[in-house]
Amino acid sequence: MAFTLYALIQTAILLTNAIAVLHEERFLSKIGWGAEQSIGGFGDEPGIKAQLLNLIRSVRTVMRVPLIAVNAVCIVLLLLFG
Amino acid sequence: MEYPNQSGFRQQAGVRMRGTPGDPRDPSLLFDDTSAGGDKHDLSGVGKGPGVCPGQALISDPMSNLALAYGSSLASHGREMMDKNLDRFIPISKLKYYFAVDTVYVGKKLGLLVFPYMHDNWEVIYQQDTPVAPRFDINAPDLYIPVMGFITYILVAGLALGTQNRFSPEILGIQASSALVWLIIEVLAVLLSLYLVTVNTDLTTIDLVAFSGYKYVGMIVGVIAGLLFGRMGYHLSLLWCCVSTFVFTIRTLRLKILSEAAAEGRLVRGAKNQLRMYLTMAIAAAQPVFMYWLTFHLVR
């Protein structure tokens with residue numbers, strides 16, 4: 001399989017977009033992955049599910065604004081160069 | 001090393017023992033300092049010969065003197081600014097640790113990668129909380145073997161494709177970027193799984209790159225055996241290298257990921273240790289998969 005670095009960048013952008021799109025109230029709380037439901041594991045080390053939810057929440061918080069810029073650049077480049 | 005004493009001073013060995021002018025010589029010189037002694041008058045004639053007429057005019061002119069001083073200060077200022085900025089993005093001082101290897105280490109490590117079954121002590125030696133340089137400790141990870149292995153893998157892939165008349169110069173670039181992408185994916189996957197399992201290790205990202213890069217040695221051995229002995233040779237040697245890389249990875253990562261008690265072999269029950277053991281085995285099992293995936297299309 002001929003992977004290029006460009007394919008890796010595209011994959012990363014798509015995955016980050018997918019994580020950023022998960023809505024807190026409408027979706028995650030409904031399936032029990034809401035942020036406020038996992039607080040309570042202080043002291044003991046958090047399990048995998050808590051770590052995963054933490055990761056999703058922090059990716060959403062951190063990457064929201066840069067993703068806007070990266071997506072805009074990506075759209076412009078795709079329009080120009082196909 | 002003994003170079004300034006051995007080279008050219010053999011006939012003066014007896015004279016040396018009596019405390020000759022050879023002793024206060026700078027020990028960092030690799031070659032004989034032939035500019036001292038009888039060559040002085042030659043040097044003044046030959047070395048400065050072409051530079052005497054325009055050189056003297058250049059140096060004596062005050063304006064160009066000023067320009068020379070200004071230019072050298074500008075260059076040194078630019079260099080230190082670049083060093084400072086570069087160090088912020090790429091930790092060069094940390095990278096230097098991983099390249100502090102010597103030939104003995106590389107030889108022993110390559111042998112360990114192909115035959116890890118006789119080695120007993122897999123612990124990394126520490127010196128006041130910092131790991132010792134790879135030169136002094138065979139268990140320490142280094143980046144020299146992975147980088148060289150990667151480059152050799154690209155060249156061997158080009159060679160293998162060339163013997164099947166499938167070579168073109170772009171293929172080298174495609175192979176290189178493909179292998180690099182798989183390496184990045186593997187390191188990111190290992191980082192993600194280490195984060196999810198909340199393992200408190202001192203494994204840095206560069207360590208993981210190093211451990212993931214050790215499989216290139218096995219791949220190169222497999223492909224070369226495939227070139228020399230055909231498909232049977234490729235499969236046999238790849239099988240051997242896969243098993244040894246698996247054992248090597250497990251034994252190295254076990255000490256870093258598992259807790260103290262479990263790493264010594266005592267069976268510690270508990271979900272946490274079991275999960276960490278599964279994680280170690282998964283990381284080690286990914287190595288043969290990648291080794292096969294990245295080489296099977298090279299040997300037909």
# chains A, B, ... in the order shown; residues from 1 in each chain; ligands from 1
call {"tool": "closest_atom_pairs", "arguments": {"of": "chain B", "to": "chain A", "cutoff": "7 Å", "atoms": "only C-alpha atoms", "output": "Markdown table"}}
result
| residue | atom | partner | partner_atom | distance |
| --- | --- | --- | --- | --- |
| B:Ile174 | CA | A:Ala2 | CA | 6.3 |
| B:Ser177 | CA | A:Thr4 | CA | 5.4 |
| B:Ser178 | CA | A:Phe3 | CA | 4.5 |
| B:Val181 | CA | A:Leu5 | CA | 6.2 |
| B:Leu196 | CA | A:Ile48 | CA | 5.4 |
| B:Val197 | CA | A:Ile48 | CA | 6.1 |
call {"tool": "write_last_selection", "arguments": {"atoms": "N, CA and C atoms", "output": "PDB file, in the first residue's frame"}}
result
ATOM      1  N   ILE B 174       8.345   6.552  -2.745  1.00  0.00           N
ATOM      2  CA  ILE B 174       7.080   5.975  -2.294  1.00  0.00           C
ATOM      3  C   ILE B 174       7.311   5.013  -1.142  1.00  0.00           C
ATOM      4  N   SER B 177       8.216   7.063   2.058  1.00  0.00           N
ATOM      5  CA  SER B 177       7.113   7.733   2.740  1.00  0.00           C
ATOM      6  C   SER B 177       6.123   6.734   3.289  1.00  0.00           C
ATOM      7  N   SER B 178       5.953   5.623   2.605  1.00  0.00           N
ATOM      8  CA  SER B 178       5.037   4.603   3.114  1.00  0.00           C
ATOM      9  C   SER B 178       5.532   4.040   4.439  1.00  0.00           C
ATOM     10  N   VAL B 181       5.169   6.604   7.171  1.00  0.00           N
ATOM     11  CA  VAL B 181       3.798   6.778   7.624  1.00  0.00           C
ATOM     12  C   VAL B 181       3.391   5.645   8.558  1.00  0.00           C
ATOM     13  N   LEU B 196      -4.283   5.577  27.465  1.00  0.00           N
ATOM     14  CA  LEU B 196      -5.557   5.031  27.908  1.00  0.00           C
ATOM     15  C   LEU B 196      -5.394   4.101  29.095  1.00  0.00           C
ATOM     16  N   VAL B 197      -4.285   3.389  29.159  1.00  0.00           N
ATOM     17  CA  VAL B 197      -4.095   2.424  30.232  1.00  0.00           C
ATOM     18  C   VAL B 197      -3.453   3.080  31.444  1.00  0.00           C
TER      19      VAL B 197
END
call {"tool": "residues_around", "arguments": {"residues": "range 63-76 of chain A", "least_positions_apart": "6", "cutoff": "8 Å", "atoms": "only C-alpha atoms", "output": "count of residues only"}}
result
4
call {"tool": "select_by_dssp", "arguments": {"residues": "range 159-271 of chain B", "states": "alpha helix (DSSP H)", "output": "PyMOL selection string"}}
result
chain B and resi 159-163+169-196+205-213+215-257+260-263+271
call {"tool": "closest_residue", "arguments": {"among": "B:His235, B:Ala176, B:Leu194, B:Met118", "to": "Gly149 in chain B", "atoms": "only C-alpha atoms"}}
result
B:Ala176
call {"tool": "residues_around", "arguments": {"residues": "range 199-215 of chain B", "least_positions_apart": "5", "cutoff": "8 Å", "atoms": "only C-alpha atoms", "output": "list in words"}}
result
Leu113, Pro141, Asp142, Leu143, Ile145, Pro146, Val147, Gly149, Phe150, Leu183, Glu186, Val187, Val190, Leu191, Leu194, Thr245, Thr249, Lys256, Ile257, Arg276, Gln287 and Met291 of chain B
